[in-house]
$ cat final_12.cif   # mmCIF, C-alpha atoms
data_run
#
loop_
_atom_site.label_atom_id
_atom_site.label_comp_id
_atom_site.auth_asym_id
_atom_site.auth_seq_id
_atom_site.Cartn_x
_atom_site.Cartn_y
_atom_site.Cartn_z
CA MET A 1 54.52 -54.63 20.33
CA SER A 2 56.14 -52.89 23.24
CA SER A 3 53.98 -54.52 25.92
CA THR A 4 55.36 -57.52 27.78
CA ALA A 5 51.93 -58.55 29.07
CA PRO A 6 50.34 -61.69 27.62
CA ALA A 7 48.61 -61.00 24.31
CA PRO A 8 44.82 -60.66 24.58
CA ALA A 9 42.72 -63.47 23.13
CA GLY A 10 42.83 -63.57 19.35
CA ILE A 11 46.13 -61.69 19.07
CA VAL A 12 49.01 -63.46 17.36
CA PRO A 13 52.43 -62.14 18.46
CA GLY A 14 54.54 -60.93 15.55
CA ARG A 15 51.69 -59.74 13.37
CA THR A 16 51.15 -56.04 12.77
CA ARG A 17 47.95 -54.91 14.49
CA VAL A 18 45.90 -52.43 12.50
CA ALA A 19 42.96 -50.47 13.90
CA VAL A 20 40.65 -49.76 10.97
CA LEU A 21 38.54 -46.63 11.50
CA PHE A 22 35.47 -46.37 9.30
CA GLY A 23 31.96 -44.98 9.09
CA GLY A 24 31.97 -41.54 10.67
CA ARG A 25 29.73 -38.50 10.91
CA SER A 26 29.96 -37.28 7.32
CA SER A 27 27.52 -37.86 4.48
CA GLU A 28 30.03 -40.37 3.07
CA HIS A 29 29.55 -42.73 6.02
CA GLU A 30 28.26 -45.62 3.93
CA ILE A 31 31.06 -45.55 1.37
CA SER A 32 33.58 -45.66 4.18
CA CYS A 33 31.87 -48.84 5.42
CA VAL A 34 32.10 -50.41 1.95
CA THR A 35 35.79 -49.55 1.83
CA ALA A 36 36.28 -51.17 5.23
CA GLY A 37 34.75 -54.37 3.92
CA GLY A 38 37.07 -54.32 0.92
CA ILE A 39 40.13 -53.90 3.13
CA MET A 40 38.99 -56.61 5.54
CA ASP A 41 38.59 -58.97 2.59
CA ALA A 42 41.92 -58.11 0.97
CA VAL A 43 44.32 -57.81 3.90
CA ASP A 44 46.96 -60.52 4.30
CA ARG A 45 45.91 -62.28 7.51
CA SER A 46 49.30 -63.93 7.87
CA ARG A 47 50.82 -60.46 8.34
CA TYR A 48 48.08 -58.33 9.85
CA ASP A 49 45.46 -58.50 12.59
CA LEU A 50 42.59 -56.03 12.31
CA VAL A 51 40.69 -54.19 15.02
CA PRO A 52 37.57 -52.81 13.27
CA VAL A 53 36.46 -49.57 14.93
CA GLY A 54 33.21 -48.34 13.42
CA ILE A 55 32.19 -44.75 14.07
CA THR A 56 28.43 -44.27 14.09
CA LYS A 57 26.72 -41.33 12.42
CA ASP A 58 26.40 -39.83 15.90
CA GLY A 59 30.16 -40.11 16.44
CA ALA A 60 30.30 -43.11 18.80
CA PHE A 61 33.47 -45.24 18.46
CA THR A 62 32.29 -48.86 18.52
CA LEU A 63 33.91 -52.27 18.15
CA GLN A 64 32.52 -53.93 15.04
CA PRO A 65 32.80 -57.41 13.49
CA ASP A 66 35.81 -58.27 11.39
CA ASP A 67 33.51 -59.62 8.68
CA PRO A 68 33.87 -58.37 5.08
CA ALA A 69 30.39 -59.62 4.20
CA ALA A 70 28.83 -57.36 6.85
CA TRP A 71 30.14 -54.29 5.02
CA ALA A 72 29.58 -55.34 1.43
CA LEU A 73 27.57 -53.32 -1.06
CA ARG A 74 24.34 -55.22 -1.77
CA GLY A 75 22.79 -53.91 -4.95
CA GLN A 76 21.61 -50.39 -4.14
CA GLU A 77 21.80 -51.00 -0.37
CA LEU A 78 24.71 -49.38 1.47
CA PRO A 79 25.92 -50.58 4.92
CA THR A 80 26.05 -48.38 8.02
CA VAL A 81 27.66 -48.66 11.45
CA ALA A 82 24.97 -49.58 13.98
CA ASP A 83 25.44 -48.56 17.60
CA ASN A 84 25.89 -51.92 19.33
CA GLY A 85 26.49 -50.34 22.73
CA SER A 86 30.23 -50.94 22.82
CA ARG A 87 32.67 -48.05 23.19
CA VAL A 88 36.29 -48.13 22.08
CA ARG A 89 38.64 -46.08 24.22
CA PHE A 90 41.81 -44.63 22.80
CA PRO A 91 45.01 -44.27 24.85
CA VAL A 92 44.95 -41.60 27.52
CA SER A 93 48.71 -41.10 27.10
CA ALA A 94 51.14 -41.13 24.19
CA ASP A 95 53.15 -43.65 26.22
CA SER A 96 50.71 -46.41 25.29
CA ARG A 97 49.10 -47.73 22.14
CA GLU A 98 46.60 -49.90 23.97
CA LEU A 99 42.94 -49.75 22.97
CA LEU A 100 40.19 -50.68 25.40
CA VAL A 101 36.59 -51.63 24.76
CA GLU A 102 33.74 -51.04 27.17
CA ARG A 103 31.00 -53.59 26.60
CA PRO A 104 27.28 -52.78 26.92
CA ASP A 105 27.24 -54.40 30.37
CA GLY A 106 29.92 -51.97 31.58
CA SER A 107 32.79 -54.45 31.60
CA VAL A 108 36.08 -53.24 30.12
CA GLU A 109 38.68 -55.34 28.35
CA SER A 110 41.90 -54.71 26.49
CA LEU A 111 42.07 -54.92 22.72
CA GLY A 112 45.84 -54.93 22.98
CA GLU A 113 48.28 -52.44 21.54
CA VAL A 114 47.94 -51.40 17.92
CA ASP A 115 50.88 -50.71 15.64
CA VAL A 116 49.08 -48.40 13.24
CA VAL A 117 45.64 -46.90 12.60
CA PHE A 118 44.08 -46.98 9.12
CA PRO A 119 41.52 -44.13 9.01
CA ILE A 120 39.41 -44.86 5.94
CA LEU A 121 37.06 -41.98 6.62
CA HIS A 122 35.81 -39.76 3.81
CA GLY A 123 34.68 -36.17 4.14
CA PRO A 124 34.38 -34.04 7.30
CA PHE A 125 35.37 -35.53 10.67
CA GLY A 126 37.86 -37.87 9.05
CA GLU A 127 39.45 -36.72 5.81
CA ASP A 128 39.78 -33.11 6.91
CA GLY A 129 42.57 -33.39 9.49
CA THR A 130 40.34 -33.82 12.55
CA ILE A 131 40.93 -37.54 13.10
CA GLN A 132 44.58 -37.08 12.15
CA GLY A 133 44.95 -34.52 14.94
CA LEU A 134 43.34 -36.91 17.42
CA LEU A 135 45.71 -39.72 16.42
CA GLU A 136 48.78 -37.51 16.62
CA THR A 137 47.74 -36.25 20.05
CA ALA A 138 47.33 -39.86 21.19
CA GLY A 139 50.72 -40.78 19.74
CA LEU A 140 49.28 -43.38 17.36
CA PRO A 141 50.93 -43.93 13.94
CA TYR A 142 48.42 -43.78 11.10
CA VAL A 143 48.02 -44.30 7.39
CA GLY A 144 47.71 -41.37 5.02
CA ASP A 145 48.11 -37.64 4.95
CA GLY A 146 48.82 -35.50 7.98
CA VAL A 147 46.76 -32.77 9.61
CA LEU A 148 47.73 -29.89 7.32
CA ALA A 149 47.56 -31.74 4.00
CA SER A 150 44.24 -33.31 4.94
CA ALA A 151 42.67 -30.02 6.00
CA LEU A 152 44.10 -28.13 3.05
CA ALA A 153 42.96 -30.56 0.37
CA MET A 154 39.53 -30.92 1.96
CA ASP A 155 38.81 -27.24 1.40
CA LYS A 156 38.48 -26.86 -2.36
CA HIS A 157 38.91 -23.08 -2.19
CA VAL A 158 42.16 -23.26 -0.19
CA ALA A 159 43.47 -26.19 -2.24
CA LYS A 160 42.96 -24.33 -5.50
CA ALA A 161 44.80 -21.30 -4.14
CA VAL A 162 47.76 -23.43 -3.00
CA LEU A 163 47.95 -25.40 -6.25
CA GLU A 164 47.73 -22.22 -8.30
CA HIS A 165 50.53 -20.71 -6.21
CA ALA A 166 52.62 -23.81 -6.98
CA GLY A 167 52.29 -23.07 -10.70
CA LEU A 168 49.60 -25.61 -11.53
CA ARG A 169 46.59 -24.72 -13.68
CA VAL A 170 43.30 -25.02 -11.81
CA ALA A 171 39.70 -24.62 -12.91
CA PRO A 172 38.36 -21.09 -12.33
CA TRP A 173 36.00 -20.70 -9.40
CA THR A 174 33.98 -18.38 -7.19
CA THR A 175 33.63 -19.02 -3.47
CA VAL A 176 30.31 -18.20 -1.78
CA LEU A 177 29.67 -18.21 1.96
CA ARG A 178 26.24 -19.09 3.31
CA ARG A 179 25.86 -15.65 4.90
CA GLN A 180 26.61 -14.01 1.55
CA TRP A 181 23.98 -16.09 -0.20
CA GLN A 182 21.40 -15.41 2.50
CA ALA A 183 22.14 -11.67 2.53
CA ASP A 184 21.97 -11.05 -1.22
CA PRO A 185 21.23 -14.03 -3.47
CA VAL A 186 20.59 -11.76 -6.45
CA ASP A 187 24.07 -10.24 -6.27
CA VAL A 188 25.67 -13.68 -5.81
CA ALA A 189 23.71 -15.08 -8.75
CA ARG A 190 24.86 -12.18 -10.92
CA SER A 191 28.47 -12.72 -9.88
CA VAL A 192 28.63 -16.45 -10.56
CA ALA A 193 26.70 -16.12 -13.82
CA ALA A 194 29.71 -14.26 -15.18
CA HIS A 195 31.40 -17.66 -15.51
CA GLY A 196 28.78 -18.68 -18.08
CA PHE A 197 26.53 -21.73 -18.04
CA PRO A 198 26.54 -24.59 -17.33
CA LEU A 199 27.88 -24.19 -13.80
CA PHE A 200 28.79 -26.75 -11.17
CA VAL A 201 27.89 -25.93 -7.58
CA LYS A 202 29.82 -27.84 -4.89
CA PRO A 203 30.22 -27.83 -1.11
CA ALA A 204 33.76 -26.60 -0.49
CA ARG A 205 34.48 -29.34 2.07
CA ALA A 206 32.77 -32.55 1.00
CA GLY A 207 33.57 -35.46 -1.27
CA SER A 208 32.08 -38.33 -3.30
CA SER A 209 30.14 -35.64 -5.22
CA MET A 210 27.85 -35.14 -2.24
CA GLY A 211 25.70 -32.02 -2.66
CA VAL A 212 27.04 -31.31 -6.16
CA SER A 213 24.69 -30.02 -8.85
CA ARG A 214 24.95 -29.06 -12.48
CA VAL A 215 23.19 -25.79 -13.25
CA ASP A 216 22.23 -25.20 -16.88
CA GLU A 217 20.21 -22.01 -16.42
CA PRO A 218 19.76 -19.26 -13.82
CA ALA A 219 16.46 -20.65 -12.58
CA GLN A 220 18.24 -23.78 -11.29
CA LEU A 221 20.86 -21.94 -9.23
CA GLY A 222 18.81 -21.44 -6.06
CA ALA A 223 18.04 -25.12 -5.56
CA ALA A 224 21.66 -26.06 -6.29
CA MET A 225 22.98 -23.57 -3.75
CA ASP A 226 20.51 -24.73 -1.12
CA LEU A 227 21.55 -28.36 -1.66
CA ALA A 228 25.26 -27.52 -1.41
CA PHE A 229 24.69 -25.50 1.76
CA GLU A 230 23.10 -28.56 3.36
CA HIS A 231 26.62 -30.05 3.37
CA ASP A 232 28.78 -27.01 4.11
CA THR A 233 28.70 -23.31 5.00
CA LYS A 234 31.04 -22.56 2.10
CA VAL A 235 30.33 -23.37 -1.54
CA ILE A 236 32.37 -23.06 -4.71
CA VAL A 237 30.86 -22.42 -8.12
CA GLU A 238 32.80 -23.42 -11.23
CA PRO A 239 32.09 -23.18 -14.94
CA ARG A 240 32.11 -26.35 -16.96
CA VAL A 241 35.60 -27.21 -18.15
CA VAL A 242 35.35 -28.84 -21.57
CA GLY A 243 37.69 -31.77 -21.55
CA ARG A 244 38.21 -35.40 -20.61
CA GLU A 245 38.15 -36.32 -16.91
CA VAL A 246 41.47 -37.97 -16.16
CA GLU A 247 42.81 -38.96 -12.74
CA VAL A 248 46.12 -40.19 -11.41
CA ALA A 249 46.79 -42.06 -8.17
CA VAL A 250 49.74 -40.96 -6.03
CA LEU A 251 51.49 -43.13 -3.46
CA GLU A 252 54.23 -41.90 -1.17
CA GLY A 253 57.61 -43.43 -1.92
CA ARG A 254 59.76 -45.14 0.68
CA ASP A 255 62.39 -42.51 -0.18
CA GLY A 256 59.87 -39.68 0.10
CA VAL A 257 59.56 -39.23 -3.67
CA PRO A 258 55.91 -39.62 -4.78
CA ARG A 259 55.06 -42.57 -6.99
CA THR A 260 52.34 -42.12 -9.61
CA SER A 261 50.14 -44.68 -11.30
CA LEU A 262 49.04 -44.95 -14.86
CA PRO A 263 46.12 -42.54 -15.22
CA GLY A 264 42.48 -43.50 -15.46
CA GLU A 265 39.65 -41.80 -17.31
CA ILE A 266 36.03 -41.26 -16.31
CA VAL A 267 33.60 -41.42 -19.21
CA VAL A 268 30.18 -39.86 -18.66
CA ALA A 269 27.32 -38.80 -20.87
CA GLU A 270 27.90 -35.46 -22.59
CA ASP A 271 25.18 -33.76 -20.54
CA GLY A 272 25.99 -35.43 -17.20
CA PHE A 273 28.70 -35.62 -14.56
CA TYR A 274 30.29 -38.27 -12.39
CA ASP A 275 27.95 -38.07 -9.41
CA PHE A 276 27.59 -40.23 -6.29
CA ALA A 277 25.33 -42.79 -8.00
CA ALA A 278 27.69 -43.19 -10.95
CA LYS A 279 30.69 -43.60 -8.64
CA TYR A 280 29.27 -46.19 -6.30
CA LEU A 281 26.04 -47.63 -7.66
CA GLY A 282 26.73 -47.75 -11.38
CA GLY A 283 28.68 -50.15 -13.60
CA ASP A 284 32.31 -50.40 -14.63
CA GLU A 285 31.69 -48.79 -17.99
CA GLN A 286 32.41 -45.34 -16.52
CA LEU A 287 36.08 -46.07 -15.79
CA LEU A 288 38.92 -46.70 -18.21
CA CYS A 289 42.17 -47.88 -16.63
CA PRO A 290 44.64 -47.11 -18.04
CA ALA A 291 43.29 -44.05 -19.84
CA PRO A 292 43.79 -43.96 -23.61
CA LEU A 293 46.39 -41.17 -23.66
CA SER A 294 49.52 -40.50 -25.62
CA GLU A 295 52.87 -41.11 -23.96
CA SER A 296 53.44 -37.37 -23.55
CA GLU A 297 49.97 -36.87 -22.03
CA THR A 298 50.57 -39.75 -19.61
CA ASP A 299 53.92 -38.30 -18.58
CA ALA A 300 52.35 -34.86 -18.14
CA ILE A 301 49.55 -35.91 -15.80
CA ARG A 302 51.87 -38.13 -13.76
CA SER A 303 54.17 -35.14 -13.29
CA ILE A 304 51.19 -32.95 -12.34
CA GLY A 305 50.03 -35.56 -9.82
CA ALA A 306 53.42 -35.64 -8.10
CA ARG A 307 53.68 -31.84 -8.07
CA ALA A 308 50.20 -31.46 -6.59
CA PHE A 309 50.98 -34.06 -3.93
CA GLU A 310 54.13 -32.23 -2.90
CA ALA A 311 52.38 -28.83 -3.03
CA ILE A 312 49.94 -29.85 -0.30
CA GLY A 313 52.62 -31.65 1.72
CA GLY A 314 51.08 -35.05 0.98
CA ALA A 315 51.91 -38.31 2.72
CA GLY A 316 50.64 -41.82 2.13
CA LEU A 317 48.21 -41.38 -0.72
CA ALA A 318 46.13 -39.03 -2.80
CA ARG A 319 44.20 -38.99 -6.05
CA VAL A 320 44.66 -35.98 -8.32
CA ASP A 321 41.72 -35.24 -10.62
CA CYS A 322 42.26 -33.28 -13.83
CA PHE A 323 40.57 -32.22 -17.03
CA LEU A 324 42.42 -32.75 -20.31
CA THR A 325 41.47 -29.76 -22.43
CA ASP A 326 42.56 -28.73 -25.93
CA ASP A 327 45.46 -26.81 -24.41
CA GLY A 328 46.57 -29.22 -21.71
CA PHE A 329 45.65 -30.42 -18.23
CA VAL A 330 43.71 -28.43 -15.66
CA VAL A 331 43.73 -29.65 -12.04
CA ASN A 332 40.23 -30.07 -10.61
CA GLU A 333 40.97 -31.27 -7.07
CA VAL A 334 43.15 -33.41 -4.82
CA ASN A 335 41.58 -36.14 -2.66
CA THR A 336 43.64 -37.27 0.34
CA MET A 337 41.38 -40.24 1.14
CA PRO A 338 39.97 -41.13 -2.25
CA GLY A 339 37.34 -43.76 -2.85
CA PHE A 340 39.10 -46.98 -1.87
CA THR A 341 36.60 -49.75 -2.55
CA PRO A 342 38.04 -52.49 -4.78
CA PHE A 343 36.19 -50.98 -7.74
CA SER A 344 37.18 -47.35 -7.08
CA MET A 345 39.47 -45.43 -9.42
CA TYR A 346 42.42 -45.18 -7.01
CA PRO A 347 43.05 -48.93 -6.54
CA ARG A 348 42.13 -49.64 -10.15
CA CYS A 349 44.80 -47.24 -11.37
CA TRP A 350 47.37 -49.00 -9.22
CA ALA A 351 46.17 -52.42 -10.37
CA ALA A 352 46.68 -51.27 -13.97
CA SER A 353 50.18 -50.18 -12.90
CA GLY A 354 51.03 -53.61 -11.49
CA LEU A 355 50.15 -53.15 -7.80
CA SER A 356 47.19 -55.31 -6.75
CA TYR A 357 44.58 -54.23 -4.21
CA PRO A 358 46.00 -56.46 -1.42
CA GLU A 359 49.53 -55.24 -2.19
CA LEU A 360 48.33 -51.63 -2.14
CA VAL A 361 46.65 -52.09 1.25
CA ALA A 362 49.83 -53.65 2.65
CA GLU A 363 52.03 -50.88 1.26
CA LEU A 364 49.86 -48.17 2.80
CA ILE A 365 49.91 -49.92 6.17
CA GLU A 366 53.69 -50.16 6.08
CA LEU A 367 54.04 -46.52 5.05
CA GLY A 368 51.80 -45.46 7.92
CA ARG A 369 53.50 -47.72 10.46
CA THR A 370 56.93 -46.23 9.71
CA ALA A 371 55.89 -42.64 8.98
CA VAL A 372 57.72 -39.81 10.72
CA ARG A 373 55.24 -37.00 11.48
#
$ encode --input "final_12.cif" --output "structure tokens"
Amino acid sequence: MSSTAPAPAGIVPGRTRVAVLFGGRSSEHEISCVTAGGIMDAVDRSRYDLVPVGITKDGAFTLQPDDPAAWALRGQELPTVADNGSRVRFPVSADSRELLVERPDGSVESLGEVDVVFPILHGPFGEDGTIQGLLETAGLPYVGDGVLASALAMDKHVAKAVLEHAGLRVAPWTTVLRRQWQADPVDVARSVAAHGFPLFVKPARAGSSMGVSRVDEPAQLGAAMDLAFEHDTKVIVEPRVVGREVEVAVLEGRDGVPRTSLPGEIVVAEDGFYDFAAKYLGGDEQLLCPAPLSESETDAIRSIGARAFEAIGGAGLARVDCFLTDDGFVVNEVNTMPGFTPFSMYPRCWAASGLSYPELVAELIELGRTAVR
């Protein structure tokens, strides 16, 4: 810490202070809260002090309890950030890293200086470069990808174009804007039907399979488009890619060279897809880590993961999702803040590669603390 003032109550000099940002305004608010609980539970308390900053669904930055149990997944019940009346204030100058909290009674106290911010926010207003821009403007080091990589990967249309330009195979797609759909749904339906059925309709800038539908016949397209447009003004429509769903976790190297994990595989019913419920409310039977691949297939997807990470200008972490087809891998998408609960694919891939969840959390914090933006 650069401050010479006495440490606020509860702060132990010498420990790295990490502000954990979670919750947020997106439809993935609850999963972010579960991730926060996992990180609170796993972090090495002899090395790190946490400042939990929960963002409500209305966008209020609040000071929340450092209690893993408060953010745990309980059966089918997902936690949310309640507005407790507190307000966390970020630095008004890049010369300081001090956070303040205004209590409900109007009193203001220092939370001390933070060394790094860990934004575990999924979807819009967090994973899309917006919070990264705020942190860079405030001069606060942070974990994960920068503004451009975050924004680029968040937009599935733009990400596909960039990855394709970098020489990587991507799934074919059609992009539809809300105004196009509203103006002439018949023409849009005719255009996307050229891909053949089944189709997958997705918001262009959302994650955790929010707003995603499988469309098996033309009569289902309208409802799928309407659902996707509830989450975004831009939608992509893709044909089904016949192949195994295989993912690889990427972690920035201390030397700048991306590290890749052993890949994992998602196994779903033949007529289904890996939706929100399967990801977060289902059992472990959907994930195989490491994936049962040949040595050459494993080498291939790890190379693809590193290339995709570098193509978007990645930093910190990303998960690269692919399909293994009869003629090789096809990149589906890149996630710059992938699901990060202890049972999510990203940490499980690293655990299978010899890096435990607590070690992974610590490595990401250190990468963020020392990152040069």
$ resolve_selection --input "final_12.cif" --expression "the PyMOL selection byres ((chain A and resi 68-72) around 6)" --output "count of residues only"
8
$ closest_residue --input "final_12.cif" --among "A:Ile304, A:Ala311, A:Met337, A:Leu364" --to "Arg254 in chain A" --atoms "only C-alpha atoms"
A:Leu364
$ residues_around --input "final_12.cif" --residues "His165 in chain A" --least-positions-apart "4" --cutoff "12 Å" --atoms "only C-alpha atoms" --output "JSON, numbers by chain"
{"A": [158, 159, 160, 161, 169, 170, 307, 308, 311, 312]}
$ write_last_selection --input "final_12.cif" --atoms "C-alpha atoms" --output "CSV table (one decimal), keeping the file's coordinate frame"
chain,number,residue,atom,x,y,z
A,158,VAL,CA,42.2,-23.3,-0.2
A,159,ALA,CA,43.5,-26.2,-2.2
A,160,LYS,CA,43.0,-24.3,-5.5
A,161,ALA,CA,44.8,-21.3,-4.1
A,169,ARG,CA,46.6,-24.7,-13.7
A,170,VAL,CA,43.3,-25.0,-11.8
A,307,ARG,CA,53.7,-31.8,-8.1
A,308,ALA,CA,50.2,-31.5,-6.6
A,311,ALA,CA,52.4,-28.8,-3.0
A,312,ILE,CA,49.9,-29.8,-0.3
$ resolve_selection --input "final_12.cif" --expression "the PyMOL selection byres ((chain A and resi 147) around 6)" --output "PyMOL selection string"
chain A and resi 129+132-133+146+148-150
$ resolve_selection --input "final_12.cif" --expression "the PyMOL selection byres ((chain A and resi 137) around 12)" --output "PDB file with C-alpha atoms, keeping the file's coordinate frame"
ATOM      1  CA  PHE A  90      41.810 -44.630  22.800  1.00  0.00           C
ATOM      2  CA  PRO A  91      45.010 -44.270  24.850  1.00  0.00           C
ATOM      3  CA  VAL A  92      44.950 -41.600  27.520  1.00  0.00           C
ATOM      4  CA  SER A  93      48.710 -41.100  27.100  1.00  0.00           C
ATOM      5  CA  ALA A  94      51.140 -41.130  24.190  1.00  0.00           C
ATOM      6  CA  ASP A  95      53.150 -43.650  26.220  1.00  0.00           C
ATOM      7  CA  SER A  96      50.710 -46.410  25.290  1.00  0.00           C
ATOM      8  CA  ARG A  97      49.100 -47.730  22.140  1.00  0.00           C
ATOM      9  CA  THR A 130      40.340 -33.820  12.550  1.00  0.00           C
ATOM     10  CA  ILE A 131      40.930 -37.540  13.100  1.00  0.00           C
ATOM     11  CA  GLN A 132      44.580 -37.080  12.150  1.00  0.00           C
ATOM     12  CA  GLY A 133      44.950 -34.520  14.940  1.00  0.00           C
ATOM     13  CA  LEU A 134      43.340 -36.910  17.420  1.00  0.00           C
ATOM     14  CA  LEU A 135      45.710 -39.720  16.420  1.00  0.00           C
ATOM     15  CA  GLU A 136      48.780 -37.510  16.620  1.00  0.00           C
ATOM     16  CA  ALA A 138      47.330 -39.860  21.190  1.00  0.00           C
ATOM     17  CA  GLY A 139      50.720 -40.780  19.740  1.00  0.00           C
ATOM     18  CA  LEU A 140      49.280 -43.380  17.360  1.00  0.00           C
ATOM     19  CA  PRO A 141      50.930 -43.930  13.940  1.00  0.00           C
ATOM     20  CA  TYR A 142      48.420 -43.780  11.100  1.00  0.00           C
ATOM     21  CA  VAL A 147      46.760 -32.770   9.610  1.00  0.00           C
ATOM     22  CA  ARG A 373      55.240 -37.000  11.480  1.00  0.00           C
TER      23      ARG A 373
END
$ atom_distance --input "final_12.cif" --atom1 "CA of Ala371 in chain A" --atom2 "CA of Asp299 in chain A"
28.0 Å
$ residues_around --input "final_12.cif" --residues "Ser86 in chain A" --least-positions-apart "4" --cutoff "10 Å" --atoms "only C-alpha atoms" --output "PyMOL selection string"
chain A and resi 60-64+101-108
$ residues_around --input "final_12.cif" --residues "Ile266 in chain A" --least-positions-apart "4" --cutoff "7 Å" --atoms "only C-alpha atoms" --output "PyMOL selection string"
chain A and resi 245-246+286-288
$ residues_around --input "final_12.cif" --residues "Arg244 in chain A" --least-positions-apart "5" --cutoff "8 Å" --atoms "only C-alpha atoms" --output "list in words"
Glu265, Ile266, Val267, Phe323, Leu324 and Thr325 of chain A
$ decode --input "final_12.cif" --residues "range 12-59 of chain A" --atoms "C-alpha atoms" --output "mmCIF file, in the first residue's frame"
data_model
loop_
_atom_site.group_PDB
_atom_site.id
_atom_site.type_symbol
_atom_site.label_atom_id
_atom_site.label_comp_id
_atom_site.auth_asym_id
_atom_site.auth_seq_id
_atom_site.Cartn_x
_atom_site.Cartn_y
_atom_site.Cartn_z
ATOM 1 C CA VAL A 12 -3.647 -6.379 7.955
ATOM 2 C CA PRO A 13 -0.567 -4.579 6.559
ATOM 3 C CA GLY A 14 1.335 -6.668 4.036
ATOM 4 C CA ARG A 15 -1.643 -8.544 2.645
ATOM 5 C CA THR A 16 -2.863 -7.849 -0.872
ATOM 6 C CA ARG A 17 -6.260 -6.129 -0.742
ATOM 7 C CA VAL A 18 -8.704 -7.296 -3.380
ATOM 8 C CA ALA A 19 -11.992 -5.565 -4.165
ATOM 9 C CA VAL A 20 -14.327 -8.258 -5.492
ATOM 10 C CA LEU A 21 -17.017 -6.850 -7.802
ATOM 11 C CA PHE A 22 -20.025 -9.089 -8.316
ATOM 12 C CA GLY A 23 -23.729 -9.111 -9.074
ATOM 13 C CA GLY A 24 -24.410 -6.425 -11.647
ATOM 14 C CA ARG A 25 -27.199 -5.330 -13.960
ATOM 15 C CA SER A 26 -27.126 -8.223 -16.420
ATOM 16 C CA SER A 27 -29.346 -11.292 -16.501
ATOM 17 C CA GLU A 28 -26.377 -13.262 -15.148
ATOM 18 C CA HIS A 29 -26.455 -11.395 -11.832
ATOM 19 C CA GLU A 30 -27.127 -14.471 -9.718
ATOM 20 C CA ILE A 31 -24.335 -16.582 -11.196
ATOM 21 C CA SER A 32 -21.904 -13.774 -10.503
ATOM 22 C CA CYS A 33 -22.997 -13.896 -6.854
ATOM 23 C CA VAL A 34 -22.393 -17.658 -6.702
ATOM 24 C CA THR A 35 -18.936 -17.130 -8.170
ATOM 25 C CA ALA A 36 -18.217 -14.493 -5.534
ATOM 26 C CA GLY A 37 -19.083 -16.980 -2.819
ATOM 27 C CA GLY A 38 -16.743 -19.544 -4.345
ATOM 28 C CA ILE A 39 -13.873 -17.064 -4.456
ATOM 29 C CA MET A 40 -14.522 -15.876 -0.896
ATOM 30 C CA ASP A 41 -14.403 -19.488 0.262
ATOM 31 C CA ALA A 42 -11.262 -20.400 -1.687
ATOM 32 C CA VAL A 43 -9.025 -17.347 -1.301
ATOM 33 C CA ASP A 44 -5.928 -17.693 0.869
ATOM 34 C CA ARG A 45 -6.695 -15.417 3.826
ATOM 35 C CA SER A 46 -3.059 -15.357 4.893
ATOM 36 C CA ARG A 47 -2.240 -13.555 1.625
ATOM 37 C CA TYR A 48 -5.368 -11.644 0.686
ATOM 38 C CA ASP A 49 -7.973 -9.390 2.286
ATOM 39 C CA LEU A 50 -11.251 -9.043 0.407
ATOM 40 C CA VAL A 51 -13.536 -6.040 0.028
ATOM 41 C CA PRO A 52 -16.823 -7.462 -1.332
ATOM 42 C CA VAL A 53 -18.570 -4.880 -3.514
ATOM 43 C CA GLY A 54 -21.954 -6.144 -4.635
ATOM 44 C CA ILE A 55 -23.663 -4.364 -7.515
ATOM 45 C CA THR A 56 -27.447 -4.514 -7.304
ATOM 46 C CA LYS A 57 -29.647 -5.191 -10.315
ATOM 47 C CA ASP A 58 -30.323 -1.452 -10.364
ATOM 48 C CA GLY A 59 -26.594 -0.711 -10.553
#
